[in-house]
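Shown here: model_39.pdb, PDB, N, CA and C atoms.
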```pdb
MODEL        1
ATOM      1  N   MET A 716       3.143  -4.772 -20.458
ATOM      2  CA  MET A 716       2.604  -5.139 -19.162
ATOM      3  C   MET A 716       1.122  -5.490 -19.307
ATOM      4  N   ASN A 717       0.721  -6.513 -18.635
ATOM      5  CA  ASN A 717      -0.663  -6.968 -18.657
ATOM      6  C   ASN A 717      -1.539  -5.955 -17.920
ATOM      7  N   PRO A 718      -2.561  -5.366 -18.573
ATOM      8  CA  PRO A 718      -3.387  -4.362 -17.896
ATOM      9  C   PRO A 718      -4.177  -4.939 -16.739
ATOM     10  N   ALA A 719      -4.367  -6.259 -16.685
ATOM     11  CA  ALA A 719      -5.101  -6.869 -15.582
ATOM     12  C   ALA A 719      -4.223  -7.021 -14.342
ATOM     13  N   PHE A 720      -2.899  -6.879 -14.493
ATOM     14  CA  PHE A 720      -1.999  -7.025 -13.352
ATOM     15  C   PHE A 720      -1.954  -5.728 -12.557
ATOM     16  N   VAL A 721      -2.266  -5.839 -11.287
ATOM     17  CA  VAL A 721      -2.237  -4.689 -10.393
ATOM     18  C   VAL A 721      -1.400  -5.070  -9.184
ATOM     19  N   ASN A 722      -0.461  -4.220  -8.821
ATOM     20  CA  ASN A 722       0.368  -4.457  -7.656
ATOM     21  C   ASN A 722      -0.281  -3.759  -6.460
ATOM     22  N   ALA A 723      -0.975  -4.521  -5.640
ATOM     23  CA  ALA A 723      -1.759  -3.960  -4.537
ATOM     24  C   ALA A 723      -0.908  -3.169  -3.552
ATOM     25  N   VAL A 724       0.310  -3.604  -3.284
ATOM     26  CA  VAL A 724       1.118  -2.891  -2.289
ATOM     27  C   VAL A 724       1.428  -1.470  -2.724
ATOM     28  N   GLU A 725       1.454  -1.223  -4.026
ATOM     29  CA  GLU A 725       1.712   0.128  -4.505
ATOM     30  C   GLU A 725       0.498   1.037  -4.338
ATOM     31  N   MET A 726      -0.665   0.468  -4.037
ATOM     32  CA  MET A 726      -1.870   1.272  -3.807
ATOM     33  C   MET A 726      -2.051   1.638  -2.338
ATOM     34  N   LEU A 727      -1.230   1.111  -1.456
ATOM     35  CA  LEU A 727      -1.387   1.389  -0.027
ATOM     36  C   LEU A 727      -0.838   2.771   0.308
ATOM     37  N   PRO A 728      -1.663   3.642   0.881
ATOM     38  CA  PRO A 728      -1.180   4.974   1.248
ATOM     39  C   PRO A 728      -0.298   4.919   2.492
ATOM     40  N   MET A 729       0.678   5.774   2.525
ATOM     41  CA  MET A 729       1.557   5.862   3.691
ATOM     42  C   MET A 729       0.879   6.668   4.790
ATOM     43  N   PRO A 730       1.186   6.351   6.048
ATOM     44  CA  PRO A 730       0.619   7.155   7.142
ATOM     45  C   PRO A 730       1.125   8.591   7.059
ATOM     46  N   ARG A 731       0.321   9.514   7.539
ATOM     47  CA  ARG A 731       0.708  10.934   7.526
ATOM     48  C   ARG A 731       1.387  11.270   8.840
ATOM     49  N   ARG A 732       2.679  11.173   8.863
ATOM     50  CA  ARG A 732       3.463  11.505  10.051
ATOM     51  C   ARG A 732       4.934  11.535   9.677
ATOM     52  N   GLU A 733       5.749  11.916  10.615
ATOM     53  CA  GLU A 733       7.191  11.885  10.403
ATOM     54  C   GLU A 733       7.684  10.449  10.532
ATOM     55  N   PHE A 734       8.613  10.069   9.687
ATOM     56  CA  PHE A 734       9.158   8.718   9.714
ATOM     57  C   PHE A 734      10.545   8.716  10.323
ATOM     58  N   THR A 735      10.891   7.599  10.943
ATOM     59  CA  THR A 735      12.236   7.439  11.496
ATOM     60  C   THR A 735      13.203   7.190  10.338
ATOM     61  N   ALA A 736      14.488   7.287  10.621
ATOM     62  CA  ALA A 736      15.497   7.021   9.595
ATOM     63  C   ALA A 736      15.377   5.585   9.091
ATOM     64  N   ALA A 737      15.097   4.644   9.988
ATOM     65  CA  ALA A 737      14.949   3.241   9.591
ATOM     66  C   ALA A 737      13.739   3.045   8.679
ATOM     67  N   GLN A 738      12.655   3.751   8.941
ATOM     68  CA  GLN A 738      11.472   3.650   8.073
ATOM     69  C   GLN A 738      11.766   4.259   6.706
ATOM     70  N   LEU A 739      12.513   5.342   6.690
ATOM     71  CA  LEU A 739      12.838   5.994   5.424
ATOM     72  C   LEU A 739      13.803   5.174   4.573
ATOM     73  N   ASP A 740      14.692   4.429   5.212
ATOM     74  CA  ASP A 740      15.617   3.623   4.401
ATOM     75  C   ASP A 740      15.107   2.208   4.149
ATOM     76  N   GLY A 741      13.860   1.913   4.563
ATOM     77  CA  GLY A 741      13.240   0.635   4.247
ATOM     78  C   GLY A 741      13.583  -0.510   5.174
ATOM     79  N   THR A 742      14.209  -0.209   6.302
ATOM     80  CA  THR A 742      14.570  -1.291   7.229
ATOM     81  C   THR A 742      13.586  -1.412   8.392
ATOM     82  N   ALA A 743      12.509  -0.622   8.374
ATOM     83  CA  ALA A 743      11.455  -0.710   9.383
ATOM     84  C   ALA A 743      10.118  -0.405   8.715
ATOM     85  N   CYS A 744       9.083  -1.076   9.158
ATOM     86  CA  CYS A 744       7.731  -0.881   8.620
ATOM     87  C   CYS A 744       7.263   0.549   8.916
ATOM     88  N   PRO A 745       6.646   1.236   7.940
ATOM     89  CA  PRO A 745       6.192   2.608   8.177
ATOM     90  C   PRO A 745       5.004   2.716   9.132
ATOM     91  N   TRP A 746       4.309   1.608   9.401
ATOM     92  CA  TRP A 746       3.174   1.643  10.319
ATOM     93  C   TRP A 746       3.552   1.243  11.734
ATOM     94  N   CYS A 747       4.402   0.213  11.895
ATOM     95  CA  CYS A 747       4.669  -0.292  13.248
ATOM     96  C   CYS A 747       6.144  -0.326  13.619
ATOM     97  N   ALA A 748       7.028  -0.076  12.672
ATOM     98  CA  ALA A 748       8.481  -0.057  12.872
ATOM     99  C   ALA A 748       9.093  -1.445  13.073
ATOM    100  N   ARG A 749       8.312  -2.525  12.861
ATOM    101  CA  ARG A 749       8.885  -3.881  12.928
ATOM    102  C   ARG A 749       9.709  -4.158  11.676
ATOM    103  N   GLN A 750      10.372  -5.312  11.677
ATOM    104  CA  GLN A 750      11.182  -5.752  10.541
ATOM    105  C   GLN A 750      10.286  -5.924   9.311
ATOM    106  N   PRO A 751      10.557  -5.242   8.206
ATOM    107  CA  PRO A 751       9.700  -5.342   7.025
ATOM    108  C   PRO A 751      10.013  -6.576   6.187
ATOM    109  N   GLU A 752       9.022  -6.993   5.410
ATOM    110  CA  GLU A 752       9.166  -8.150   4.536
ATOM    111  C   GLU A 752       8.785  -7.837   3.095
ATOM    112  N   ILE A 753       7.986  -6.791   2.894
ATOM    113  CA  ILE A 753       7.382  -6.523   1.593
ATOM    114  C   ILE A 753       7.781  -5.145   1.078
ATOM    115  N   PRO A 754       8.416  -5.076  -0.101
ATOM    116  CA  PRO A 754       8.694  -3.755  -0.676
ATOM    117  C   PRO A 754       7.394  -3.125  -1.176
ATOM    118  N   LEU A 755       7.201  -1.860  -0.887
ATOM    119  CA  LEU A 755       5.976  -1.160  -1.252
ATOM    120  C   LEU A 755       6.108  -0.349  -2.532
ATOM    121  N   GLY A 756       7.248  -0.406  -3.171
ATOM    122  CA  GLY A 756       7.455   0.354  -4.396
ATOM    123  C   GLY A 756       7.904   1.766  -4.095
ATOM    124  N   PRO A 757       8.371   2.479  -5.107
ATOM    125  CA  PRO A 757       8.866   3.835  -4.891
ATOM    126  C   PRO A 757       7.739   4.790  -4.506
ATOM    127  N   ARG A 758       8.054   5.713  -3.619
ATOM    128  CA  ARG A 758       7.097   6.737  -3.167
ATOM    129  C   ARG A 758       7.772   8.091  -3.247
ATOM    130  N   LEU A 759       6.949   9.121  -3.323
ATOM    131  CA  LEU A 759       7.441  10.491  -3.299
ATOM    132  C   LEU A 759       6.969  11.161  -2.022
ATOM    133  N   ARG A 760       7.813  12.049  -1.492
ATOM    134  CA  ARG A 760       7.446  12.833  -0.318
ATOM    135  C   ARG A 760       8.163  14.164  -0.405
ATOM    136  N   VAL A 761       7.663  15.134   0.332
ATOM    137  CA  VAL A 761       8.327  16.429   0.409
ATOM    138  C   VAL A 761       9.125  16.443   1.701
ATOM    139  N   ALA A 762      10.428  16.670   1.579
ATOM    140  CA  ALA A 762      11.326  16.717   2.734
ATOM    141  C   ALA A 762      12.204  17.951   2.602
ATOM    142  N   GLU A 763      12.164  18.781   3.625
ATOM    143  CA  GLU A 763      12.976  20.001   3.648
ATOM    144  C   GLU A 763      12.726  20.862   2.412
ATOM    145  N   GLY A 764      11.461  20.949   1.999
ATOM    146  CA  GLY A 764      11.083  21.802   0.897
ATOM    147  C   GLY A 764      11.381  21.267  -0.489
ATOM    148  N   ARG A 765      11.793  20.010  -0.588
ATOM    149  CA  ARG A 765      12.068  19.453  -1.913
ATOM    150  C   ARG A 765      11.440  18.071  -2.040
ATOM    151  N   LEU A 766      11.221  17.665  -3.271
ATOM    152  CA  LEU A 766      10.634  16.367  -3.551
ATOM    153  C   LEU A 766      11.702  15.291  -3.395
ATOM    154  N   ASP A 767      11.356  14.232  -2.677
ATOM    155  CA  ASP A 767      12.311  13.172  -2.376
ATOM    156  C   ASP A 767      11.668  11.828  -2.688
ATOM    157  N   ARG A 768      12.410  10.926  -3.315
ATOM    158  CA  ARG A 768      11.908   9.583  -3.597
ATOM    159  C   ARG A 768      12.463   8.635  -2.537
ATOM    160  N   TRP A 769      11.591   7.731  -2.052
ATOM    161  CA  TRP A 769      12.027   6.744  -1.067
ATOM    162  C   TRP A 769      11.382   5.409  -1.364
ATOM    163  N   PHE A 770      11.888   4.350  -0.759
ATOM    164  CA  PHE A 770      11.460   2.989  -1.049
ATOM    165  C   PHE A 770      11.089   2.268   0.249
ATOM    166  N   PRO A 771       9.870   2.503   0.755
ATOM    167  CA  PRO A 771       9.475   1.875   2.011
ATOM    168  C   PRO A 771       9.211   0.375   1.855
ATOM    169  N   HIS A 772       9.316  -0.337   2.967
ATOM    170  CA  HIS A 772       9.006  -1.758   3.055
ATOM    171  C   HIS A 772       8.097  -1.943   4.268
ATOM    172  N   ALA A 773       7.185  -2.908   4.192
ATOM    173  CA  ALA A 773       6.226  -3.128   5.286
ATOM    174  C   ALA A 773       6.290  -4.561   5.784
ATOM    175  N   CYS A 774       5.836  -4.754   7.009
ATOM    176  CA  CYS A 774       5.672  -6.110   7.515
ATOM    177  C   CYS A 774       4.351  -6.645   6.958
ATOM    178  N   LEU A 775       4.215  -7.956   6.868
ATOM    179  CA  LEU A 775       3.022  -8.555   6.282
ATOM    180  C   LEU A 775       1.745  -8.207   7.043
ATOM    181  N   PRO A 776       1.714  -8.268   8.389
ATOM    182  CA  PRO A 776       0.461  -7.925   9.083
ATOM    183  C   PRO A 776      -0.023  -6.504   8.789
ATOM    184  N   CYS A 777       0.873  -5.543   8.749
ATOM    185  CA  CYS A 777       0.462  -4.158   8.465
ATOM    186  C   CYS A 777       0.000  -4.010   7.020
ATOM    187  N   ALA A 778       0.700  -4.643   6.081
ATOM    188  CA  ALA A 778       0.301  -4.566   4.674
ATOM    189  C   ALA A 778      -1.078  -5.199   4.490
ATOM    190  N   GLN A 779      -1.339  -6.313   5.150
ATOM    191  CA  GLN A 779      -2.649  -6.964   5.047
ATOM    192  C   GLN A 779      -3.744  -6.084   5.652
ATOM    193  N   ARG A 780      -3.478  -5.512   6.803
ATOM    194  CA  ARG A 780      -4.459  -4.646   7.459
ATOM    195  C   ARG A 780      -4.787  -3.439   6.582
ATOM    196  N   GLU A 781      -3.763  -2.801   6.035
ATOM    197  CA  GLU A 781      -3.977  -1.633   5.186
ATOM    198  C   GLU A 781      -4.685  -2.012   3.887
ATOM    199  N   ALA A 782      -4.358  -3.173   3.318
ATOM    200  CA  ALA A 782      -5.034  -3.625   2.102
ATOM    201  C   ALA A 782      -6.516  -3.855   2.373
ATOM    202  N   ALA A 783      -6.847  -4.435   3.510
ATOM    203  CA  ALA A 783      -8.260  -4.655   3.865
ATOM    204  C   ALA A 783      -8.978  -3.322   4.034
ATOM    205  N   ARG A 784      -8.316  -2.354   4.646
ATOM    206  CA  ARG A 784      -8.913  -1.038   4.851
ATOM    207  C   ARG A 784      -9.154  -0.338   3.509
ATOM    208  N   VAL A 785      -8.145  -0.347   2.638
ATOM    209  CA  VAL A 785      -8.272   0.302   1.332
ATOM    210  C   VAL A 785      -9.330  -0.417   0.491
ATOM    211  N   HIS A 786      -9.366  -1.742   0.554
ATOM    212  CA  HIS A 786     -10.372  -2.513  -0.182
ATOM    213  C   HIS A 786     -11.777  -2.124   0.275
ATOM    214  N   ALA A 787     -11.986  -2.007   1.568
ATOM    215  CA  ALA A 787     -13.307  -1.650   2.098
ATOM    216  C   ALA A 787     -13.775  -0.296   1.569
ATOM    217  N   VAL A 788     -12.862   0.651   1.437
ATOM    218  CA  VAL A 788     -13.220   1.962   0.885
ATOM    219  C   VAL A 788     -13.436   1.842  -0.624
ATOM    220  N   HIS A 789     -12.547   1.147  -1.286
ATOM    221  CA  HIS A 789     -12.587   1.029  -2.747
ATOM    222  C   HIS A 789     -13.924   0.482  -3.237
ATOM    223  N   VAL A 790     -14.409  -0.584  -2.634
ATOM    224  CA  VAL A 790     -15.635  -1.212  -3.137
ATOM    225  C   VAL A 790     -16.878  -0.349  -2.935
ATOM    226  N   THR A 791     -16.759   0.714  -2.163
ATOM    227  CA  THR A 791     -17.900   1.614  -1.988
ATOM    228  C   THR A 791     -17.900   2.765  -2.991
ATOM    229  N   VAL A 792     -16.780   3.005  -3.663
ATOM    230  CA  VAL A 792     -16.703   4.136  -4.589
ATOM    231  C   VAL A 792     -16.406   3.749  -6.036
ATOM    232  N   CYS A 793     -15.900   2.575  -6.271
ATOM    233  CA  CYS A 793     -15.579   2.139  -7.633
ATOM    234  C   CYS A 793     -16.875   1.730  -8.347
ATOM    235  N   PRO A 794     -17.155   2.301  -9.520
ATOM    236  CA  PRO A 794     -18.397   1.962 -10.229
ATOM    237  C   PRO A 794     -18.541   0.467 -10.533
ATOM    238  N   ARG A 795     -17.447  -0.203 -10.862
ATOM    239  CA  ARG A 795     -17.529  -1.635 -11.147
ATOM    240  C   ARG A 795     -17.770  -2.433  -9.873
ATOM    241  N   CYS A 796     -17.137  -2.038  -8.809
ATOM    242  CA  CYS A 796     -17.208  -2.821  -7.576
ATOM    243  C   CYS A 796     -18.522  -2.632  -6.816
ATOM    244  N   THR A 797     -19.146  -1.475  -6.950
ATOM    245  CA  THR A 797     -20.397  -1.249  -6.226
ATOM    246  C   THR A 797     -21.508  -2.157  -6.740
ATOM    247  N   HIS A 798     -21.328  -2.717  -7.934
ATOM    248  CA  HIS A 798     -22.307  -3.653  -8.498
ATOM    249  C   HIS A 798     -21.778  -5.088  -8.451
ATOM    250  N   ARG A 799     -20.747  -5.324  -7.679
ATOM    251  CA  ARG A 799     -20.163  -6.648  -7.461
ATOM    252  C   ARG A 799     -19.487  -7.240  -8.698
ATOM    253  N   ASP A 800     -18.978  -6.399  -9.580
ATOM    254  CA  ASP A 800     -18.243  -6.867 -10.736
ATOM    255  C   ASP A 800     -16.740  -6.901 -10.430
ATOM    256  N   TYR A 801     -16.333  -6.402  -9.296
ATOM    257  CA  TYR A 801     -14.958  -6.388  -8.794
ATOM    258  C   TYR A 801     -13.889  -6.180  -9.864
ATOM    259  N   CYS A 802     -13.334  -5.005  -9.865
ATOM    260  CA  CYS A 802     -12.284  -4.631 -10.809
ATOM    261  C   CYS A 802     -10.944  -5.250 -10.394
ATOM    262  N   PRO A 803      -9.927  -5.158 -11.263
ATOM    263  CA  PRO A 803      -8.614  -5.719 -10.930
ATOM    264  C   PRO A 803      -8.007  -5.114  -9.654
ATOM    265  N   ASP A 804      -8.258  -3.832  -9.400
ATOM    266  CA  ASP A 804      -7.736  -3.211  -8.180
ATOM    267  C   ASP A 804      -8.315  -3.890  -6.943
ATOM    268  N   ALA A 805      -9.623  -4.091  -6.931
ATOM    269  CA  ALA A 805     -10.282  -4.712  -5.780
ATOM    270  C   ALA A 805      -9.795  -6.142  -5.585
ATOM    271  N   ARG A 806      -9.655  -6.883  -6.671
ATOM    272  CA  ARG A 806      -9.181  -8.270  -6.553
ATOM    273  C   ARG A 806      -7.761  -8.312  -5.995
ATOM    274  N   ALA A 807      -6.901  -7.406  -6.452
ATOM    275  CA  ALA A 807      -5.517  -7.384  -5.959
ATOM    276  C   ALA A 807      -5.469  -7.016  -4.478
ATOM    277  N   LEU A 808      -6.238  -6.027  -4.073
ATOM    278  CA  LEU A 808      -6.274  -5.643  -2.653
ATOM    279  C   LEU A 808      -6.795  -6.780  -1.785
ATOM    280  N   ARG A 809      -7.833  -7.463  -2.255
ATOM    281  CA  ARG A 809      -8.397  -8.576  -1.489
ATOM    282  C   ARG A 809      -7.392  -9.720  -1.360
ATOM    283  N   ARG A 810      -6.672 -10.028  -2.442
ATOM    284  CA  ARG A 810      -5.642 -11.078  -2.377
ATOM    285  C   ARG A 810      -4.580 -10.734  -1.346
ATOM    286  N   LEU A 811      -4.138  -9.487  -1.335
ATOM    287  CA  LEU A 811      -3.130  -9.077  -0.357
ATOM    288  C   LEU A 811      -3.680  -9.144   1.060
ATOM    289  N   ALA A 812      -4.893  -8.686   1.257
ATOM    290  CA  ALA A 812      -5.500  -8.690   2.591
ATOM    291  C   ALA A 812      -5.641 -10.099   3.142
ATOM    292  N   LEU A 813      -5.854 -11.080   2.267
ATOM    293  CA  LEU A 813      -6.073 -12.467   2.713
ATOM    294  C   LEU A 813      -4.848 -13.350   2.542
ATOM    295  N   ALA A 814      -3.703 -12.770   2.168
ATOM    296  CA  ALA A 814      -2.488 -13.565   1.948
ATOM    297  C   ALA A 814      -2.099 -14.325   3.215
ATOM    298  N   PRO A 815      -1.629 -15.556   3.028
ATOM    299  CA  PRO A 815      -1.229 -16.345   4.218
ATOM    300  C   PRO A 815       0.037 -15.835   4.865
TER     301      PRO A 815
ENDMDL
END
```

Conversion result in structure tokens:
Amino acid sequence: MNPAFVNAVEMLPMPRREFTAAQLDGTACPWCARQPEIPLGPRLRVAEGRLDRWFPHACLPCAQREAARVHAVHVTVCPRCTHRDYCPDARALRRLALAP
């Protein structure tokens, strides 16, 4: 795998709340419950006292909004990004945030 390749959607944190059955099975966006378009990759969660793997999917507007939010935080704490050298993580988040 190319070390410069970063999958931005896998860096998006899930909201901290209970999810509906549709959100858990990937048929609804975890942020707004609309029809999802983008797989977010496998995630882990604790459900009923045990570790559970799930595969959420998001709608494009929510994924873009979250990518912009995460990017804004990232560039303030990443040593490379604070000096405007923009690391692969920042570039991937920015591409997702600005996707058409």

Where is the centre and how long are the edges: axis-aligned box on segment 764-778 of chain A, 3 Å on each side, Å to one decimal, as lines of an AutoDock Vina configuration file:
```
center_x = 5.7
center_y = 6.6
center_z = 2.7
size_x = 19.5
size_y = 36.4
size_z = 18.7
```

Checklist line | From A:Glu781, A:Thr797, A:Trp769, A:Val761, residue lying nearest Pro728 of chain A [only N, CA and C atoms] | finding: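 Selected residue with least distance to Pro728 of chain A: A:Glu781.
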
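The nearest approach to Ala782 of chain A among the residues A:Ala812, A:Met729, A:Leu755, A:Ala805, with only C-alpha atoms taken into account, belongs to A:Ala812.
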
Check: Mind pulling up the distance from atom N of Arg758 of chain A to atom N of Phe720 of chain A?
Finding: 19.9 Å

Margin query: I want to know what sits within 8 Å of Ala778 of chain A, based on all atoms listed in the file, with residues of the same chain fewer than 6 positions away left out; could you give that as a ChimeraX atom specification?
Written below: /A:724,727,746,753,784,811-813

Checklist line | Output of the PyMOL selection byres ((chain A and resi 734-745) around 6), listed as a PyMOL selection string | finding: chain A and resi 732-733+746-751+770-774

Output of segment 795-806 of chain A limited to all heavy atoms, as a PDB file, in the first residue's frame:
```
ATOM      1  N   ARG A 795       3.367  19.057  10.991  1.00  0.00           N
ATOM      2  CA  ARG A 795       3.625  19.408   9.594  1.00  0.00           C
ATOM      3  C   ARG A 795       2.642  20.464   9.107  1.00  0.00           C
ATOM      4  O   ARG A 795       3.019  21.369   8.364  1.00  0.00           O
ATOM      5  CB  ARG A 795       3.532  18.184   8.698  1.00  0.00           C
ATOM      6  CG  ARG A 795       4.718  17.275   8.830  1.00  0.00           C
ATOM      7  CD  ARG A 795       4.642  16.117   7.887  1.00  0.00           C
ATOM      8  NE  ARG A 795       4.719  16.564   6.505  1.00  0.00           N
ATOM      9  CZ  ARG A 795       4.569  15.741   5.481  1.00  0.00           C
ATOM     10  NH1 ARG A 795       4.337  14.465   5.677  1.00  0.00           N
ATOM     11  NH2 ARG A 795       4.656  16.202   4.254  1.00  0.00           N
ATOM     12  N   CYS A 796       1.412  20.348   9.511  1.00  0.00           N
ATOM     13  CA  CYS A 796       0.378  21.241   8.989  1.00  0.00           C
ATOM     14  C   CYS A 796       0.411  22.635   9.618  1.00  0.00           C
ATOM     15  O   CYS A 796       0.019  23.606   8.983  1.00  0.00           O
ATOM     16  CB  CYS A 796      -0.999  20.626   9.189  1.00  0.00           C
ATOM     17  SG  CYS A 796      -1.237  19.138   8.195  1.00  0.00           S
ATOM     18  N   THR A 797       0.873  22.739  10.851  1.00  0.00           N
ATOM     19  CA  THR A 797       0.904  24.054  11.494  1.00  0.00           C
ATOM     20  C   THR A 797       1.900  24.983  10.809  1.00  0.00           C
ATOM     21  O   THR A 797       1.820  26.195  10.960  1.00  0.00           O
ATOM     22  CB  THR A 797       1.238  23.950  12.997  1.00  0.00           C
ATOM     23  OG1 THR A 797       2.481  23.277  13.146  1.00  0.00           O
ATOM     24  CG2 THR A 797       0.145  23.231  13.750  1.00  0.00           C
ATOM     25  N   HIS A 798       2.817  24.416  10.028  1.00  0.00           N
ATOM     26  CA  HIS A 798       3.787  25.220   9.276  1.00  0.00           C
ATOM     27  C   HIS A 798       3.444  25.233   7.785  1.00  0.00           C
ATOM     28  O   HIS A 798       4.286  25.541   6.962  1.00  0.00           O
ATOM     29  CB  HIS A 798       5.202  24.702   9.503  1.00  0.00           C
ATOM     30  CG  HIS A 798       5.613  24.767  10.930  1.00  0.00           C
ATOM     31  ND1 HIS A 798       5.803  25.961  11.591  1.00  0.00           N
ATOM     32  CD2 HIS A 798       5.817  23.798  11.840  1.00  0.00           C
ATOM     33  CE1 HIS A 798       6.131  25.717  12.842  1.00  0.00           C
ATOM     34  NE2 HIS A 798       6.142  24.409  13.023  1.00  0.00           N
ATOM     35  N   ARG A 799       2.245  24.834   7.440  1.00  0.00           N
ATOM     36  CA  ARG A 799       1.729  24.853   6.071  1.00  0.00           C
ATOM     37  C   ARG A 799       2.426  23.868   5.132  1.00  0.00           C
ATOM     38  O   ARG A 799       2.489  24.077   3.943  1.00  0.00           O
ATOM     39  CB  ARG A 799       1.809  26.260   5.470  1.00  0.00           C
ATOM     40  CG  ARG A 799       1.084  27.303   6.263  1.00  0.00           C
ATOM     41  CD  ARG A 799      -0.415  27.096   6.127  1.00  0.00           C
ATOM     42  NE  ARG A 799      -1.123  28.171   6.794  1.00  0.00           N
ATOM     43  CZ  ARG A 799      -1.968  27.999   7.790  1.00  0.00           C
ATOM     44  NH1 ARG A 799      -2.231  26.807   8.242  1.00  0.00           N
ATOM     45  NH2 ARG A 799      -2.582  29.021   8.325  1.00  0.00           N
ATOM     46  N   ASP A 800       2.935  22.770   5.662  1.00  0.00           N
ATOM     47  CA  ASP A 800       3.534  21.740   4.840  1.00  0.00           C
ATOM     48  C   ASP A 800       2.495  20.666   4.495  1.00  0.00           C
ATOM     49  O   ASP A 800       2.767  19.770   3.740  1.00  0.00           O
ATOM     50  CB  ASP A 800       4.724  21.122   5.574  1.00  0.00           C
ATOM     51  CG  ASP A 800       5.520  20.173   4.699  1.00  0.00           C
ATOM     52  OD1 ASP A 800       5.392  20.235   3.463  1.00  0.00           O
ATOM     53  OD2 ASP A 800       6.257  19.365   5.253  1.00  0.00           O
ATOM     54  N   TYR A 801       1.324  20.739   5.065  1.00  0.00           N
ATOM     55  CA  TYR A 801       0.184  19.852   4.830  1.00  0.00           C
ATOM     56  C   TYR A 801       0.551  18.390   4.587  1.00  0.00           C
ATOM     57  O   TYR A 801       1.017  18.026   3.519  1.00  0.00           O
ATOM     58  CB  TYR A 801      -0.697  20.363   3.707  1.00  0.00           C
ATOM     59  CG  TYR A 801      -1.294  21.697   4.025  1.00  0.00           C
ATOM     60  CD1 TYR A 801      -1.003  22.807   3.255  1.00  0.00           C
ATOM     61  CD2 TYR A 801      -2.126  21.856   5.113  1.00  0.00           C
ATOM     62  CE1 TYR A 801      -1.550  24.041   3.552  1.00  0.00           C
ATOM     63  CE2 TYR A 801      -2.674  23.081   5.429  1.00  0.00           C
ATOM     64  CZ  TYR A 801      -2.385  24.167   4.647  1.00  0.00           C
ATOM     65  OH  TYR A 801      -2.900  25.373   4.947  1.00  0.00           O
ATOM     66  N   CYS A 802       0.289  17.587   5.574  1.00  0.00           N
ATOM     67  CA  CYS A 802       0.561  16.154   5.516  1.00  0.00           C
ATOM     68  C   CYS A 802      -0.500  15.439   4.670  1.00  0.00           C
ATOM     69  O   CYS A 802      -1.524  16.020   4.313  1.00  0.00           O
ATOM     70  CB  CYS A 802       0.611  15.589   6.934  1.00  0.00           C
ATOM     71  SG  CYS A 802      -0.999  15.482   7.729  1.00  0.00           S
ATOM     72  N   PRO A 803      -0.280  14.152   4.364  1.00  0.00           N
ATOM     73  CA  PRO A 803      -1.255  13.404   3.566  1.00  0.00           C
ATOM     74  C   PRO A 803      -2.649  13.350   4.213  1.00  0.00           C
ATOM     75  O   PRO A 803      -3.652  13.368   3.505  1.00  0.00           O
ATOM     76  CB  PRO A 803      -0.645  12.001   3.466  1.00  0.00           C
ATOM     77  CG  PRO A 803       0.816  12.223   3.641  1.00  0.00           C
ATOM     78  CD  PRO A 803       0.937  13.381   4.597  1.00  0.00           C
ATOM     79  N   ASP A 804      -2.710  13.302   5.541  1.00  0.00           N
ATOM     80  CA  ASP A 804      -4.011  13.287   6.215  1.00  0.00           C
ATOM     81  C   ASP A 804      -4.784  14.567   5.916  1.00  0.00           C
ATOM     82  O   ASP A 804      -5.968  14.531   5.585  1.00  0.00           O
ATOM     83  CB  ASP A 804      -3.847  13.138   7.731  1.00  0.00           C
ATOM     84  CG  ASP A 804      -3.344  11.774   8.154  1.00  0.00           C
ATOM     85  OD1 ASP A 804      -3.240  10.875   7.291  1.00  0.00           O
ATOM     86  OD2 ASP A 804      -3.051  11.609   9.341  1.00  0.00           O
ATOM     87  N   ALA A 805      -4.122  15.706   6.044  1.00  0.00           N
ATOM     88  CA  ALA A 805      -4.779  16.993   5.806  1.00  0.00           C
ATOM     89  C   ALA A 805      -5.227  17.111   4.355  1.00  0.00           C
ATOM     90  O   ALA A 805      -6.338  17.580   4.075  1.00  0.00           O
ATOM     91  CB  ALA A 805      -3.851  18.141   6.165  1.00  0.00           C
ATOM     92  N   ARG A 806      -4.385  16.684   3.430  1.00  0.00           N
ATOM     93  CA  ARG A 806      -4.759  16.762   2.009  1.00  0.00           C
ATOM     94  C   ARG A 806      -5.972  15.882   1.719  1.00  0.00           C
ATOM     95  O   ARG A 806      -6.879  16.284   0.987  1.00  0.00           O
ATOM     96  CB  ARG A 806      -3.566  16.388   1.132  1.00  0.00           C
ATOM     97  CG  ARG A 806      -2.495  17.474   1.107  1.00  0.00           C
ATOM     98  CD  ARG A 806      -1.464  17.231   0.011  1.00  0.00           C
ATOM     99  NE  ARG A 806      -0.744  15.979   0.171  1.00  0.00           N
ATOM    100  CZ  ARG A 806       0.392  15.840   0.837  1.00  0.00           C
ATOM    101  NH1 ARG A 806       0.946  16.867   1.433  1.00  0.00           N
ATOM    102  NH2 ARG A 806       0.978  14.663   0.911  1.00  0.00           N
TER     103      ARG A 806
END
```
